[in-house]
Amino acid sequence: MTIDLGNRFPISGIRHALEVPADEVSNIHAVTTTGELGTRGTVTILAEARDGRLAASANDLGLKEWLMKECGFHTYFDEPVTRSSAFGWLPAALVSNIRSSVSWRKDNDS
């Protein structure tokens with residue numbers, strides 16, 4: 001099935017899904033990517049645009065406030081900054097020490 005949810009940050013709102021039997025699914029994992037903004041803190045990297053900008057989110061209050069003021073970040077659903085992550089686009093040059101980690105499901109032997 002295909003669902004169009006409209007514009008969703010940081011990815012297209014179009015979703016494609018196919019139901020399959022659970023016993024046919026293997027190697028379930030998640031990848032988390034983070035990067036540093038100097039001494040300001042760490043962001044989670046969500047996506048990369050074709051022009052090299054990075055979609056990112058932050059949870060640290062001081063970092064969120066700085067990103068909202070200096071980089072045009074927003075909170076989800078315009079929630080208060082104390083109750084929501086902040087998200088937006090960053091020039092890749094601002095982000096250093098980019099790292100990825102893979103988490104496997106506990107019941108997966110991989």
# chains A, B, ... in the order shown; residues from 1 in each chain; ligands from 1
>>> residues_around(residues="A:Leu90", least_positions_apart="6", cutoff="8 Å", atoms="only C-alpha atoms", output="list in words")
Arg53, Leu54, Ala55, Ala56 and Cys71 of chain A
>>> residues_around(residues="A:Leu67", least_positions_apart="2", cutoff="10 Å", atoms="only C-alpha atoms", output="list in words")
Arg40, Ser57, Ala58, Leu61, Gly62, Leu63, Lys64, Glu65, Lys69, Glu70, Cys71, Gly72, Phe73, His74, Ala86, Phe87, Gly88, Trp89 and Leu90 of chain A
>>> select_by_dssp(residues="stretch 34-86 of chain A", states="strand (DSSP E)", output="list in words")
Thr34, Gly35, Glu36, Thr42, Val43, Thr44, Ile45, Leu46, Ala47, Glu48, Leu54, Ala55, Ala56, Ser57, Ala58, His74, Thr75 and Ala86 of chain A
>>> closest_residue(among="A:Ala92, A:Ile14, A:Ala30, A:Val25", to="A:Arg50", atoms="only C-alpha atoms")
A:Ala92
>>> atom_distance(atom1="atom CA of A:Gly38", atom2="atom CA of A:Pro91")
13.5 Å
>>> residues_around(residues="A:Val95", least_positions_apart="2", cutoff="6 Å", atoms="only C-alpha atoms", output="compact mmCIF listing (two decimals) with N, CA and C atoms, in the first residue's frame")
# COMPACT_ATOMS: atom_id res chain seq x y z
N GLY A 35 26.26 13.39 15.69
CA GLY A 35 27.38 14.26 15.35
C GLY A 35 27.50 15.35 16.39
N GLU A 36 28.66 15.95 16.47
CA GLU A 36 28.91 16.99 17.47
C GLU A 36 28.92 18.37 16.84
N LEU A 37 28.41 19.33 17.61
CA LEU A 37 28.46 20.74 17.22
C LEU A 37 29.47 21.43 18.12
N ALA A 92 26.51 20.81 6.72
CA ALA A 92 27.35 19.68 7.14
C ALA A 92 28.65 20.15 7.78
N ALA A 93 29.15 21.31 7.38
CA ALA A 93 30.42 21.82 7.91
C ALA A 93 30.34 22.11 9.41
>>> residues_around(residues="A:Ser103", least_positions_apart="2", cutoff="8 Å", atoms="only C-alpha atoms", output="MDAnalysis selection string")
chainID A and resid 29:31 101 105
>>> write_last_selection(atoms="C-alpha atoms", output="mmCIF file, in the first residue's frame")
data_model
loop_
_atom_site.group_PDB
_atom_site.id
_atom_site.type_symbol
_atom_site.label_atom_id
_atom_site.label_comp_id
_atom_site.auth_asym_id
_atom_site.auth_seq_id
_atom_site.Cartn_x
_atom_site.Cartn_y
_atom_site.Cartn_z
ATOM 1 C CA HIS A 29 18.005 -3.576 13.274
ATOM 2 C CA ALA A 30 18.143 0.169 13.712
ATOM 3 C CA VAL A 31 20.955 2.579 12.888
ATOM 4 C CA SER A 101 25.778 2.633 15.787
ATOM 5 C CA ARG A 105 16.666 -6.867 18.151
#
>>> select_by_dssp(residues="chain A", states="helix (DSSP H, G or I)", output="PDB file with C-alpha atoms, in the first residue's frame")
ATOM      1  CA  ALA A  22       6.623 -12.431  10.724  1.00  0.00           C
ATOM      2  CA  ASP A  23       8.577 -15.652  10.171  1.00  0.00           C
ATOM      3  CA  GLU A  24       9.847 -14.256   6.842  1.00  0.00           C
ATOM      4  CA  LEU A  61      17.777  22.234  26.449  1.00  0.00           C
ATOM      5  CA  GLY A  62      20.688  24.636  25.964  1.00  0.00           C
ATOM      6  CA  LEU A  63      21.526  23.184  22.559  1.00  0.00           C
ATOM      7  CA  LYS A  64      17.877  23.256  21.475  1.00  0.00           C
ATOM      8  CA  GLU A  65      17.569  26.920  22.413  1.00  0.00           C
ATOM      9  CA  TRP A  66      20.775  27.780  20.504  1.00  0.00           C
ATOM     10  CA  LEU A  67      19.679  25.803  17.428  1.00  0.00           C
ATOM     11  CA  MET A  68      16.275  27.489  17.423  1.00  0.00           C
ATOM     12  CA  LYS A  69      17.812  30.952  17.693  1.00  0.00           C
ATOM     13  CA  GLU A  70      20.818  30.532  15.385  1.00  0.00           C
ATOM     14  CA  CYS A  71      19.803  27.813  12.913  1.00  0.00           C
ATOM     15  CA  TYR A  76       7.634  19.222  17.120  1.00  0.00           C
ATOM     16  CA  PHE A  77       4.072  20.496  16.824  1.00  0.00           C
ATOM     17  CA  ASP A  78       5.231  23.844  18.264  1.00  0.00           C
ATOM     18  CA  ALA A  92      27.349  19.679   7.139  1.00  0.00           C
ATOM     19  CA  ALA A  93      30.421  21.820   7.911  1.00  0.00           C
ATOM     20  CA  LEU A  94      28.991  22.561  11.393  1.00  0.00           C
TER      21      LEU A  94
END
